[in-house]
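Below is model_16.csv, which holds CSV, C-alpha atoms and all ligand atoms.
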```
chain,number,residue,atom,x,y,z
A,143,MET,CA,0.0,0.0,0.0
A,144,ASN,CA,1.1,3.6,-0.3
A,145,THR,CA,2.8,4.6,2.9
A,146,THR,CA,2.2,8.3,2.4
A,147,GLY,CA,-0.9,10.5,1.9
A,148,ASN,CA,-3.3,8.3,4.0
A,149,THR,CA,-5.4,9.1,7.0
A,150,ILE,CA,-4.6,6.3,9.5
A,151,LEU,CA,-6.3,5.4,12.8
A,152,ILE,CA,-3.9,3.5,15.1
A,153,THR,CA,-5.1,1.9,18.3
A,154,GLY,CA,-2.6,1.5,21.2
A,155,ALA,CA,-0.5,4.4,19.8
A,156,THR,CA,0.7,5.7,23.2
A,157,SER,CA,3.6,3.3,23.5
A,158,GLY,CA,5.7,0.6,21.9
A,159,ILE,CA,4.8,-0.6,18.4
A,160,GLY,CA,1.7,1.6,18.0
A,161,TYR,CA,3.8,4.7,19.0
A,162,ALA,CA,6.5,3.7,16.5
A,163,PHE,CA,3.9,3.3,13.7
A,164,ALA,CA,2.3,6.6,14.6
A,165,ALA,CA,5.6,8.5,14.5
A,166,GLU,CA,6.7,6.8,11.3
A,167,PHE,CA,3.5,7.3,9.4
A,168,HIS,CA,3.3,10.9,10.6
A,169,ASN,CA,6.9,11.6,9.4
A,170,ARG,CA,6.0,10.0,6.0
A,171,GLY,CA,3.3,12.6,5.4
A,172,ASN,CA,0.1,10.7,6.6
A,173,ARG,CA,-2.6,12.1,8.9
A,174,VAL,CA,-2.4,10.0,12.0
A,175,ILE,CA,-5.2,9.6,14.5
A,176,ALA,CA,-3.5,8.2,17.6
A,177,VAL,CA,-5.8,6.3,20.0
A,178,GLY,CA,-5.2,5.3,23.6
A,179,ARG,CA,-6.3,5.7,27.2
A,180,ARG,CA,-3.4,7.7,28.6
A,181,CYS,CA,-4.3,11.3,27.9
A,182,ASP,CA,-0.9,12.6,29.1
A,183,ARG,CA,0.9,10.6,26.5
A,184,LEU,CA,-1.6,11.6,23.7
A,185,ASP,CA,-1.1,15.2,24.6
A,186,ALA,CA,2.6,14.8,24.5
A,187,MET,CA,2.3,13.2,21.0
A,188,LYS,CA,0.3,16.2,19.8
A,189,ARG,CA,3.1,18.5,20.9
A,190,GLU,CA,5.8,16.2,19.5
A,191,PHE,CA,4.0,15.7,16.1
A,192,PRO,CA,2.2,18.8,15.1
A,193,GLY,CA,-0.9,18.0,13.1
A,194,MET,CA,-1.3,14.5,14.7
A,195,ALA,CA,-4.9,13.9,15.9
A,196,THR,CA,-5.6,12.0,19.1
A,197,GLU,CA,-8.7,10.2,20.4
A,198,VAL,CA,-9.1,8.9,24.0
A,199,CYS,CA,-10.8,5.5,24.0
A,200,ASP,CA,-10.8,2.4,26.1
A,201,ILE,CA,-11.1,-0.1,23.4
A,202,ALA,CA,-12.2,-2.8,25.8
A,203,ASP,CA,-15.5,-0.9,26.3
A,204,ALA,CA,-18.0,-1.6,23.5
A,205,ALA,CA,-19.9,1.7,23.9
A,206,GLN,CA,-16.6,3.6,23.6
A,207,ARG,CA,-15.7,1.7,20.4
A,208,VAL,CA,-19.1,2.7,18.9
A,209,ASP,CA,-18.6,6.3,19.9
A,210,LEU,CA,-15.0,6.3,18.6
A,211,ALA,CA,-16.0,4.9,15.2
A,212,ALA,CA,-18.9,7.5,14.8
A,213,ARG,CA,-16.6,10.4,15.9
A,214,VAL,CA,-13.8,9.4,13.6
A,215,ILE,CA,-16.0,8.9,10.6
A,216,SER,CA,-17.6,12.3,11.0
A,217,THR,CA,-14.5,14.2,11.9
A,218,TYR,CA,-12.1,12.5,9.5
A,219,PRO,CA,-14.2,11.3,6.5
A,220,GLU,CA,-10.9,10.9,4.6
A,221,LEU,CA,-10.0,7.9,6.9
A,222,ASN,CA,-8.7,5.1,4.7
A,223,VAL,CA,-6.4,2.9,6.9
A,224,VAL,CA,-7.1,1.3,10.3
A,225,ILE,CA,-4.4,-0.4,12.4
A,226,ASN,CA,-5.8,-2.7,15.1
A,227,ASN,CA,-2.7,-2.7,17.3
A,228,ALA,CA,-3.7,-2.2,21.0
A,229,GLY,CA,-3.2,-5.3,23.1
A,230,ILE,CA,-2.4,-6.6,26.6
A,231,GLN,CA,-0.5,-9.7,27.7
A,232,LEU,CA,-1.3,-11.5,30.9
A,233,VAL,CA,-0.1,-14.7,32.6
A,234,THR,CA,-2.9,-17.2,33.2
A,235,ASP,CA,-2.5,-20.4,35.4
A,236,LEU,CA,-4.8,-22.9,33.9
A,237,THR,CA,-4.2,-25.5,36.7
A,238,LYS,CA,-6.6,-23.6,39.0
A,239,PRO,CA,-9.8,-21.5,38.7
A,240,VAL,CA,-8.9,-18.5,36.6
A,241,ASP,CA,-9.5,-14.8,37.3
A,242,LEU,CA,-12.4,-14.6,34.9
A,243,ALA,CA,-12.4,-10.8,34.8
A,244,ALA,CA,-8.8,-10.8,33.7
A,245,VAL,CA,-9.5,-13.5,31.1
A,246,MET,CA,-12.4,-11.6,29.7
A,247,SER,CA,-10.5,-8.3,29.7
A,248,GLU,CA,-7.6,-9.9,27.7
A,249,ILE,CA,-10.1,-11.4,25.1
A,250,GLU,CA,-12.1,-8.2,24.9
A,251,THR,CA,-8.9,-6.1,24.3
A,252,ASN,CA,-7.0,-8.4,22.0
A,253,LEU,CA,-9.8,-10.0,20.0
A,254,THR,CA,-13.3,-8.6,20.5
A,255,ALA,CA,-12.2,-5.0,20.1
A,256,PRO,CA,-10.4,-5.4,16.8
A,257,ILE,CA,-13.4,-7.4,15.4
A,258,HIS,CA,-15.9,-4.9,16.6
A,259,LEU,CA,-14.0,-1.7,15.9
A,260,GLY,CA,-12.8,-3.0,12.5
A,261,SER,CA,-16.4,-4.0,11.6
A,262,LEU,CA,-17.7,-0.5,12.4
A,263,LEU,CA,-15.0,1.1,10.2
A,264,VAL,CA,-14.7,-1.3,7.3
A,265,PRO,CA,-17.9,-0.1,5.5
A,266,HIS,CA,-16.3,3.4,5.5
A,267,LEU,CA,-13.0,2.0,4.3
A,268,ALA,CA,-14.7,0.1,1.5
A,269,GLY,CA,-15.8,3.5,0.1
A,270,ARG,CA,-12.3,5.0,0.1
A,271,ALA,CA,-9.5,4.7,-2.3
A,272,HIS,CA,-6.3,2.9,-1.2
A,273,ALA,CA,-7.9,1.5,1.9
A,274,ALA,CA,-6.3,-1.0,4.3
A,275,LEU,CA,-7.1,-2.8,7.5
A,276,ILE,CA,-3.9,-3.9,9.4
A,277,ASN,CA,-4.2,-6.3,12.3
A,278,ILE,CA,-1.2,-6.7,14.6
A,279,SER,CA,-1.1,-10.3,15.8
A,280,SER,CA,2.0,-12.1,17.0
A,281,GLY,CA,4.5,-14.9,16.3
A,282,LEU,CA,2.7,-16.5,19.2
A,283,ALA,CA,-0.3,-16.8,17.0
A,284,PHE,CA,1.5,-19.8,15.4
A,285,VAL,CA,3.1,-21.4,18.5
A,286,PRO,CA,2.0,-20.6,22.1
A,287,ILE,CA,4.1,-19.9,25.1
A,288,ALA,CA,2.2,-21.9,27.7
A,289,PHE,CA,2.3,-19.5,30.7
A,290,MET,CA,0.3,-16.9,28.8
A,291,PRO,CA,-2.2,-19.2,27.1
A,292,VAL,CA,-5.1,-16.7,26.7
A,293,TYR,CA,-2.9,-14.1,25.1
A,294,CYS,CA,-1.6,-16.7,22.6
A,295,ALA,CA,-5.1,-17.9,21.9
A,296,THR,CA,-6.3,-14.4,21.2
A,297,LYS,CA,-3.5,-13.9,18.7
A,298,ALA,CA,-4.1,-17.3,17.0
A,299,ALA,CA,-7.8,-16.3,16.7
A,300,LEU,CA,-6.8,-12.9,15.3
A,301,HIS,CA,-4.6,-14.7,12.7
A,302,SER,CA,-7.6,-16.9,11.7
A,303,LEU,CA,-10.0,-13.9,11.7
A,304,THR,CA,-7.7,-11.9,9.5
A,305,MET,CA,-7.7,-14.6,6.8
A,306,SER,CA,-11.5,-14.7,6.8
A,307,TRP,CA,-11.7,-10.9,6.8
A,308,ARG,CA,-9.4,-10.7,3.8
A,309,TYR,CA,-11.6,-13.3,2.0
A,310,GLN,CA,-14.9,-11.5,2.8
A,311,LEU,CA,-13.4,-8.2,1.5
A,312,ARG,CA,-11.8,-9.7,-1.6
A,313,ASN,CA,-14.3,-7.9,-3.9
A,314,THR,CA,-13.6,-4.5,-2.3
A,315,GLY,CA,-10.5,-2.4,-2.6
A,316,VAL,CA,-9.7,-2.9,1.1
A,317,LYS,CA,-6.3,-4.7,1.6
A,318,VAL,CA,-6.3,-6.7,4.8
A,319,PHE,CA,-2.9,-7.1,6.4
A,320,GLU,CA,-1.7,-9.2,9.3
A,321,ILE,CA,1.6,-8.1,10.8
A,322,ALA,CA,3.0,-10.7,13.3
A,323,PRO,CA,5.7,-9.1,15.5
A,324,PRO,CA,8.4,-11.2,17.2
A,325,SER,CA,9.4,-10.5,20.8
A,326,THR,CA,10.0,-6.7,20.6
A,327,ASP,CA,11.2,-4.4,23.4
A,328,THR,CA,8.1,-2.5,24.5
A,329,GLU,CA,6.0,-2.0,27.6
A,330,LEU,CA,4.0,-5.1,26.8
A,331,GLY,CA,3.4,-7.3,29.9
A,332,TYR,CA,4.6,-4.5,32.2
A,333,GLN,CA,2.1,-5.3,34.9
A,334,ARG,CA,3.4,-8.9,35.3
A,335,ARG,CA,7.1,-8.0,35.5
A,336,THR,CA,8.6,-8.2,38.9
A,337,ASP,CA,11.4,-5.8,38.1
A,338,LYS,CA,9.6,-2.8,36.6
A,339,LYS,CA,12.9,-1.5,35.2
A,340,GLU,CA,13.5,-4.9,33.4
A,341,SER,CA,13.5,-4.7,29.6
A,342,HIS,CA,10.8,-6.7,27.9
A,343,GLY,CA,13.6,-8.2,25.8
A,344,GLY,CA,13.3,-8.9,22.1
A,345,ILE,CA,14.4,-6.9,19.2
A,346,PRO,CA,14.5,-3.0,19.3
A,347,VAL,CA,11.2,-1.4,18.1
A,348,ALA,CA,13.1,0.3,15.3
A,349,GLU,CA,14.2,-3.0,13.9
A,350,PHE,CA,10.6,-4.3,14.0
A,351,LEU,CA,9.4,-1.1,12.4
A,352,ALA,CA,11.8,-1.2,9.5
A,353,GLU,CA,10.8,-4.7,8.5
A,354,ALA,CA,7.1,-4.1,9.1
A,355,MET,CA,7.1,-0.9,7.0
A,356,GLU,CA,8.8,-2.8,4.1
A,357,ALA,CA,6.1,-5.5,4.3
A,358,ILE,CA,3.3,-2.9,4.3
A,359,ALA,CA,4.8,-1.0,1.4
A,360,GLY,CA,5.3,-4.2,-0.5
A,361,ASP,CA,1.8,-5.5,0.0
A,362,GLU,CA,2.9,-8.5,2.0
A,363,LEU,CA,-0.5,-9.2,3.3
A,364,GLU,CA,0.5,-11.9,5.9
A,365,ALA,CA,3.8,-10.6,7.3
A,366,PRO,CA,5.6,-12.5,10.1
A,367,ILE,CA,8.4,-10.2,11.2
A,368,GLY,CA,11.9,-11.5,12.2
A,369,GLN,CA,11.7,-14.7,14.3
A,370,SER,CA,8.0,-15.0,13.8
A,371,LYS,CA,8.8,-16.4,10.3
A,372,HIS,CA,10.3,-19.5,12.0
A,373,LEU,CA,7.3,-19.9,14.2
A,374,ARG,CA,4.9,-19.7,11.2
A,375,GLU,CA,7.0,-22.1,9.1
A,376,LYS,CA,7.7,-24.7,11.8
A,377,GLY,CA,4.5,-24.4,13.8
A,378,ALA,CA,3.9,-27.0,16.5
A,379,ALA,CA,7.5,-28.3,16.1
A,380,MET,CA,8.7,-25.2,17.8
A,381,PHE,CA,6.5,-25.7,20.9
A,382,PRO,CA,9.2,-27.6,23.0
A,383,PHE,CA,11.8,-25.0,22.1
A,384,MET,CA,9.5,-22.1,23.0
A,385,ASN,CA,8.5,-23.7,26.4
A,386,LYS,CA,11.7,-25.1,27.7
A,401,LIG,N1,6.1,-6.4,22.2
A,401,LIG,C1,6.1,-7.6,21.7
A,401,LIG,O1,7.0,-8.5,22.0
A,401,LIG,C2,4.9,-8.0,20.8
A,401,LIG,C3,5.1,-9.3,20.1
A,401,LIG,C4,4.0,-9.7,19.3
A,401,LIG,C5,2.9,-8.9,19.2
A,401,LIG,N2,2.8,-7.7,19.9
A,401,LIG,C6,1.5,-7.0,19.8
A,401,LIG,O2,1.8,-5.7,19.4
A,401,LIG,C7,0.7,-4.8,19.9
A,401,LIG,C8,1.3,-3.6,20.6
A,401,LIG,O3,2.0,-4.0,21.7
A,401,LIG,P1,3.3,-3.3,22.3
A,401,LIG,O4,4.4,-4.4,22.4
A,401,LIG,O5,3.6,-2.1,21.6
A,401,LIG,O6,2.8,-3.1,23.8
A,401,LIG,P2,2.7,-1.8,24.7
A,401,LIG,O7,3.9,-1.0,24.6
A,401,LIG,O8,2.3,-2.3,26.1
A,401,LIG,O9,1.5,-1.0,24.0
A,401,LIG,C9,0.2,-1.4,24.1
A,401,LIG,C10,-0.7,-0.3,23.7
A,401,LIG,O10,-2.1,-0.8,23.8
A,401,LIG,C11,-2.9,0.2,24.4
A,401,LIG,N3,-4.0,-0.4,25.1
A,401,LIG,C12,-4.0,-1.5,25.9
A,401,LIG,N4,-5.2,-1.7,26.4
A,401,LIG,C13,-6.0,-0.7,25.8
A,401,LIG,C14,-7.4,-0.4,26.0
A,401,LIG,N5,-8.2,-1.1,26.8
A,401,LIG,N6,-7.9,0.6,25.3
A,401,LIG,C15,-7.1,1.4,24.5
A,401,LIG,N7,-5.8,1.1,24.3
A,401,LIG,C16,-5.2,0.1,25.0
A,401,LIG,C17,-1.9,1.0,25.3
A,401,LIG,O11,-2.4,2.3,25.5
A,401,LIG,P3,-3.0,3.0,26.8
A,401,LIG,O12,-2.5,2.3,28.0
A,401,LIG,O13,-2.7,4.4,26.7
A,401,LIG,O14,-4.5,2.7,26.6
A,401,LIG,C18,-0.6,1.0,24.5
A,401,LIG,O15,-0.6,2.1,23.7
A,401,LIG,C19,-0.1,-5.7,20.8
A,401,LIG,O16,-1.3,-6.1,20.1
A,401,LIG,C20,0.8,-6.9,21.1
A,401,LIG,O17,0.1,-8.0,21.4
A,401,LIG,C21,3.8,-7.3,20.7
```

Go through the file and emit its structure as structure tokens.
Ligand SMILES: NC(=O)c1ccc[n+]([C@@H]2O[C@H](COP(=O)([O-])OP(=O)(O)OC[C@H]3O[C@@H](n4cnc5c(N)ncnc54)[C@H](OP(=O)(O)O)[C@@H]3O)[C@@H](O)[C@H]2O)c1
Amino acid sequence: MNTTGNTILITGATSGIGYAFAAEFHNRGNRVIAVGRRCDRLDAMKREFPGMATEVCDIADAAQRVDLAARVISTYPELNVVINNAGIQLVTDLTKPVDLAAVMSEIETNLTAPIHLGSLLVPHLAGRAHAALINISSGLAFVPIAFMPVYCATKAALHSLTMSWRYQLRNTGVKVFEIAPPSTDTELGYQRRTDKKESHGGIPVAEFLAEAMEAIAGDELEAPIGQSKHLREKGAAMFPFMNK
């Protein structure tokens, strides 16, 4: 897809991968609408990137998703690209009764929200030139790490869903991408880290971004990035390695 001249809504734009996409697309001459819950960060982004638009939304709240979609369509009718990026990553111990609220929140944020928000915006995208829907899944969509089973299951589901979405939109001009990041050094999983200063590990965000932008510019609709390629190619054979 063209990586300039678009109007792009990015969820989870206040940190990590979403922030990197927001900065990169802004610098390439796109109108970016950055979405997140943390107003202080959104305000800082408006100062850092003059012309960037921001929207406060808890995407785990269905009513807020409906309001966001209506607001964005009326305020930015030129919207032609949506990046479903926001996500959370929790640890779930399946050997005992789960914290159901936590499980539901992870599924709502990582799976229900992209389905619902995407479906609210896709009819608008279908009427726009050079439209794209970009879902951010994970290498863990292909092989789970067992201590975060719900997270991995949401990403496997998002992978499956993106294939169906692409098929259903095949007769429209909307390109449907899946970008599957490898372990990337962001704030993801911050809540579960014992040492709050500890790095998440993984590749630098800049390295992820460079490869992801190349995939997007090259219309690589299903794009595992870095180590995610091995996980997609080898599938279940990688399970023992990932969980040793
Ligand atoms: N980092 C990795 O290793 C990795 C690997 C594979 C896939 N991914 C995927 O990449 C995406 C981005 O993750 P990241 O690594 O950049 O993590 P991150 O730094 O923790 O960023 C997550 C973003 O999601 C937003 N968010 C979370 N819950 C939200 C909610 N209820 N409503 C609105 N926004 C919400 C956060 O914004 P607010 O807190 O301001 O709302 C934040 O901007 C996720 O889907 C993640 O699963 C990451």

Proximity of chain A to ligand LIG 401 (chain A): per-residue shortest pair, 7 Å limit, all atoms listed in the file, as a tab-separated table:
```
residue	atom	partner	partner_atom	distance
A:Thr153	CA	A:LIG401	N7	6.1
A:Gly154	CA	A:LIG401	O15	3.3
A:Ala155	CA	A:LIG401	O15	4.5
A:Thr156	CA	A:LIG401	O15	3.9
A:Ser157	CA	A:LIG401	O15	4.4
A:Gly158	CA	A:LIG401	O5	3.4
A:Ile159	CA	A:LIG401	O5	3.7
A:Gly160	CA	A:LIG401	O5	5.5
A:Tyr161	CA	A:LIG401	O15	6.9
A:Val177	CA	A:LIG401	N7	6.7
A:Gly178	CA	A:LIG401	O14	4.0
A:Arg179	CA	A:LIG401	O14	3.5
A:Arg180	CA	A:LIG401	O13	3.9
A:Cys199	CA	A:LIG401	C15	5.5
A:Asp200	CA	A:LIG401	N6	3.5
A:Ile201	CA	A:LIG401	N6	3.8
A:Ala202	CA	A:LIG401	N5	4.5
A:Asn227	CA	A:LIG401	O16	4.6
A:Ala228	CA	A:LIG401	O10	3.5
A:Gly229	CA	A:LIG401	O16	3.6
A:Ile230	CA	A:LIG401	C12	5.4
A:Gln231	CA	A:LIG401	O17	6.6
A:Thr251	CA	A:LIG401	N5	5.6
A:Asn252	CA	A:LIG401	O16	6.4
A:Ile278	CA	A:LIG401	O16	5.5
A:Ser279	CA	A:LIG401	C5	5.4
A:Ser280	CA	A:LIG401	C4	3.9
A:Gly281	CA	A:LIG401	C4	6.0
A:Leu282	CA	A:LIG401	C4	6.9
A:Ala322	CA	A:LIG401	C4	6.2
A:Pro323	CA	A:LIG401	C4	4.2
A:Pro324	CA	A:LIG401	C3	4.8
A:Ser325	CA	A:LIG401	O1	3.3
A:Thr326	CA	A:LIG401	O1	3.8
A:Asp327	CA	A:LIG401	N1	5.6
A:Thr328	CA	A:LIG401	O7	4.5
A:Glu329	CA	A:LIG401	O7	3.8
A:Leu330	CA	A:LIG401	O8	3.3
A:Gly331	CA	A:LIG401	O8	6.4
A:Tyr332	CA	A:LIG401	O8	6.9
A:Gly344	CA	A:LIG401	O1	6.3
```

Store the residues picked out above in a file with C-alpha atoms, as a PDB file, keeping the file's coordinate frame.
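This is the output file part_1.pdb:
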```pdb
ATOM      1  CA  THR A 153      -5.100   1.900  18.300  1.00  0.00           C
ATOM      2  CA  GLY A 154      -2.600   1.500  21.200  1.00  0.00           C
ATOM      3  CA  ALA A 155      -0.500   4.400  19.800  1.00  0.00           C
ATOM      4  CA  THR A 156       0.700   5.700  23.200  1.00  0.00           C
ATOM      5  CA  SER A 157       3.600   3.300  23.500  1.00  0.00           C
ATOM      6  CA  GLY A 158       5.700   0.600  21.900  1.00  0.00           C
ATOM      7  CA  ILE A 159       4.800  -0.600  18.400  1.00  0.00           C
ATOM      8  CA  GLY A 160       1.700   1.600  18.000  1.00  0.00           C
ATOM      9  CA  TYR A 161       3.800   4.700  19.000  1.00  0.00           C
ATOM     10  CA  VAL A 177      -5.800   6.300  20.000  1.00  0.00           C
ATOM     11  CA  GLY A 178      -5.200   5.300  23.600  1.00  0.00           C
ATOM     12  CA  ARG A 179      -6.300   5.700  27.200  1.00  0.00           C
ATOM     13  CA  ARG A 180      -3.400   7.700  28.600  1.00  0.00           C
ATOM     14  CA  CYS A 199     -10.800   5.500  24.000  1.00  0.00           C
ATOM     15  CA  ASP A 200     -10.800   2.400  26.100  1.00  0.00           C
ATOM     16  CA  ILE A 201     -11.100  -0.100  23.400  1.00  0.00           C
ATOM     17  CA  ALA A 202     -12.200  -2.800  25.800  1.00  0.00           C
ATOM     18  CA  ASN A 227      -2.700  -2.700  17.300  1.00  0.00           C
ATOM     19  CA  ALA A 228      -3.700  -2.200  21.000  1.00  0.00           C
ATOM     20  CA  GLY A 229      -3.200  -5.300  23.100  1.00  0.00           C
ATOM     21  CA  ILE A 230      -2.400  -6.600  26.600  1.00  0.00           C
ATOM     22  CA  GLN A 231      -0.500  -9.700  27.700  1.00  0.00           C
ATOM     23  CA  THR A 251      -8.900  -6.100  24.300  1.00  0.00           C
ATOM     24  CA  ASN A 252      -7.000  -8.400  22.000  1.00  0.00           C
ATOM     25  CA  ILE A 278      -1.200  -6.700  14.600  1.00  0.00           C
ATOM     26  CA  SER A 279      -1.100 -10.300  15.800  1.00  0.00           C
ATOM     27  CA  SER A 280       2.000 -12.100  17.000  1.00  0.00           C
ATOM     28  CA  GLY A 281       4.500 -14.900  16.300  1.00  0.00           C
ATOM     29  CA  LEU A 282       2.700 -16.500  19.200  1.00  0.00           C
ATOM     30  CA  ALA A 322       3.000 -10.700  13.300  1.00  0.00           C
ATOM     31  CA  PRO A 323       5.700  -9.100  15.500  1.00  0.00           C
ATOM     32  CA  PRO A 324       8.400 -11.200  17.200  1.00  0.00           C
ATOM     33  CA  SER A 325       9.400 -10.500  20.800  1.00  0.00           C
ATOM     34  CA  THR A 326      10.000  -6.700  20.600  1.00  0.00           C
ATOM     35  CA  ASP A 327      11.200  -4.400  23.400  1.00  0.00           C
ATOM     36  CA  THR A 328       8.100  -2.500  24.500  1.00  0.00           C
ATOM     37  CA  GLU A 329       6.000  -2.000  27.600  1.00  0.00           C
ATOM     38  CA  LEU A 330       4.000  -5.100  26.800  1.00  0.00           C
ATOM     39  CA  GLY A 331       3.400  -7.300  29.900  1.00  0.00           C
ATOM     40  CA  TYR A 332       4.600  -4.500  32.200  1.00  0.00           C
ATOM     41  CA  GLY A 344      13.300  -8.900  22.100  1.00  0.00           C
TER      42      GLY A 344
END
```

Please provide the set of residues having any atom within 12 Å of range 297-305 of chain A, restricted to all atoms listed in the file, with same-chain residues fewer than 5 positions apart removed, written as a PDB file with C-alpha atoms, keeping the file's coordinate frame.
```
ATOM      1  CA  ASN A 226      -5.800  -2.700  15.100  1.00  0.00           C
ATOM      2  CA  ASN A 227      -2.700  -2.700  17.300  1.00  0.00           C
ATOM      3  CA  ALA A 228      -3.700  -2.200  21.000  1.00  0.00           C
ATOM      4  CA  GLY A 229      -3.200  -5.300  23.100  1.00  0.00           C
ATOM      5  CA  ILE A 230      -2.400  -6.600  26.600  1.00  0.00           C
ATOM      6  CA  GLN A 231      -0.500  -9.700  27.700  1.00  0.00           C
ATOM      7  CA  GLU A 248      -7.600  -9.900  27.700  1.00  0.00           C
ATOM      8  CA  ILE A 249     -10.100 -11.400  25.100  1.00  0.00           C
ATOM      9  CA  GLU A 250     -12.100  -8.200  24.900  1.00  0.00           C
ATOM     10  CA  THR A 251      -8.900  -6.100  24.300  1.00  0.00           C
ATOM     11  CA  ASN A 252      -7.000  -8.400  22.000  1.00  0.00           C
ATOM     12  CA  LEU A 253      -9.800 -10.000  20.000  1.00  0.00           C
ATOM     13  CA  THR A 254     -13.300  -8.600  20.500  1.00  0.00           C
ATOM     14  CA  ALA A 255     -12.200  -5.000  20.100  1.00  0.00           C
ATOM     15  CA  PRO A 256     -10.400  -5.400  16.800  1.00  0.00           C
ATOM     16  CA  ILE A 257     -13.400  -7.400  15.400  1.00  0.00           C
ATOM     17  CA  HIS A 258     -15.900  -4.900  16.600  1.00  0.00           C
ATOM     18  CA  GLY A 260     -12.800  -3.000  12.500  1.00  0.00           C
ATOM     19  CA  SER A 261     -16.400  -4.000  11.600  1.00  0.00           C
ATOM     20  CA  LEU A 275      -7.100  -2.800   7.500  1.00  0.00           C
ATOM     21  CA  ILE A 276      -3.900  -3.900   9.400  1.00  0.00           C
ATOM     22  CA  ASN A 277      -4.200  -6.300  12.300  1.00  0.00           C
ATOM     23  CA  ILE A 278      -1.200  -6.700  14.600  1.00  0.00           C
ATOM     24  CA  SER A 279      -1.100 -10.300  15.800  1.00  0.00           C
ATOM     25  CA  SER A 280       2.000 -12.100  17.000  1.00  0.00           C
ATOM     26  CA  GLY A 281       4.500 -14.900  16.300  1.00  0.00           C
ATOM     27  CA  LEU A 282       2.700 -16.500  19.200  1.00  0.00           C
ATOM     28  CA  ALA A 283      -0.300 -16.800  17.000  1.00  0.00           C
ATOM     29  CA  PHE A 284       1.500 -19.800  15.400  1.00  0.00           C
ATOM     30  CA  VAL A 285       3.100 -21.400  18.500  1.00  0.00           C
ATOM     31  CA  PRO A 286       2.000 -20.600  22.100  1.00  0.00           C
ATOM     32  CA  ILE A 287       4.100 -19.900  25.100  1.00  0.00           C
ATOM     33  CA  MET A 290       0.300 -16.900  28.800  1.00  0.00           C
ATOM     34  CA  PRO A 291      -2.200 -19.200  27.100  1.00  0.00           C
ATOM     35  CA  VAL A 292      -5.100 -16.700  26.700  1.00  0.00           C
ATOM     36  CA  GLN A 310     -14.900 -11.500   2.800  1.00  0.00           C
ATOM     37  CA  LEU A 311     -13.400  -8.200   1.500  1.00  0.00           C
ATOM     38  CA  ARG A 312     -11.800  -9.700  -1.600  1.00  0.00           C
ATOM     39  CA  LYS A 317      -6.300  -4.700   1.600  1.00  0.00           C
ATOM     40  CA  VAL A 318      -6.300  -6.700   4.800  1.00  0.00           C
ATOM     41  CA  PHE A 319      -2.900  -7.100   6.400  1.00  0.00           C
ATOM     42  CA  GLU A 320      -1.700  -9.200   9.300  1.00  0.00           C
ATOM     43  CA  ILE A 321       1.600  -8.100  10.800  1.00  0.00           C
ATOM     44  CA  ALA A 322       3.000 -10.700  13.300  1.00  0.00           C
ATOM     45  CA  PRO A 323       5.700  -9.100  15.500  1.00  0.00           C
ATOM     46  CA  LEU A 363      -0.500  -9.200   3.300  1.00  0.00           C
ATOM     47  CA  GLU A 364       0.500 -11.900   5.900  1.00  0.00           C
ATOM     48  CA  ALA A 365       3.800 -10.600   7.300  1.00  0.00           C
ATOM     49  CA  PRO A 366       5.600 -12.500  10.100  1.00  0.00           C
ATOM     50  CA  ARG A 374       4.900 -19.700  11.200  1.00  0.00           C
ATOM     51  CA  GLY A 377       4.500 -24.400  13.800  1.00  0.00           C
TER      52      GLY A 377
END
```

Each residue of range 222-338 of chain A with at least one atom at most 7 Å from range 207-217 of chain A should appear once, together with its nearest atom pair and the corresponding distance in Å (one decimal); atoms considered: all atoms listed in the file; ordering: chain, then increasing residue number; output as a tab-separated table.
```
residue	atom	partner	partner_atom	distance
A:Leu259	CA	A:Arg207	CA	5.9
A:Leu262	CA	A:Ala211	CA	6.3
A:Leu263	CA	A:Ala211	CA	6.4
```

Generate the output file for the selected residues, C-alpha atoms, as an mmCIF file, keeping the file's coordinate frame.
```cif
data_model
loop_
_atom_site.group_PDB
_atom_site.id
_atom_site.type_symbol
_atom_site.label_atom_id
_atom_site.label_comp_id
_atom_site.auth_asym_id
_atom_site.auth_seq_id
_atom_site.Cartn_x
_atom_site.Cartn_y
_atom_site.Cartn_z
ATOM 1 C CA LEU A 259 -14.000 -1.700 15.900
ATOM 2 C CA LEU A 262 -17.700 -0.500 12.400
ATOM 3 C CA LEU A 263 -15.000 1.100 10.200
#
```

Checklist entry - Can you tell me how far CA of Cys181 in chain A sits from CA of Ile150 in chain A, in Å to one decimal? => result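 Separation of CA of Cys181 in chain A and CA of Ile150 in chain A: 19.1 Å.
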
Checklist entry - Mind pulling up the distance from CA of Thr296 in chain A to CA of Val233 in chain A? => result 13.0 Å

Checklist entry - Residues at most 12 Å from Pro192 in chain A, counting all atoms listed in the file, excluding those fewer than 4 positions away in the same chain, as an NGL selection string? => result :A and (165 or 168-169 or 171-175 or 184-188 or 196)

Next on the checklist: Could you tell me how far CA of Arg170 in chain A sits from CA of Asn313 in chain A, in Å to one decimal place?
Outcome noted: 28.8 Å

Checklist entry - Given the choices A:Ala348, A:Ala273, A:Ala164, A:Leu236, which gets closest to Ala195 in chain A if the distance is worked out from all atoms listed in the file? => result A:Ala164

Item to check | Protein, DNA and RNA residues within 10 Å of (-16.8, 2.9, 4.2), only C-alpha atoms, as a PyMOL selection string | outcome: chain A and resi 215+219-222+262-271+273+316

Item to check | Shortest interatomic distance to Phe350 in chain A - which of A:Thr146, A:Met246, A:Thr314, A:Ala162, counting all atoms listed in the file | outcome: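 Nearest candidate to Phe350 in chain A out of A:Thr146, A:Met246, A:Thr314, A:Ala162: A:Ala162.
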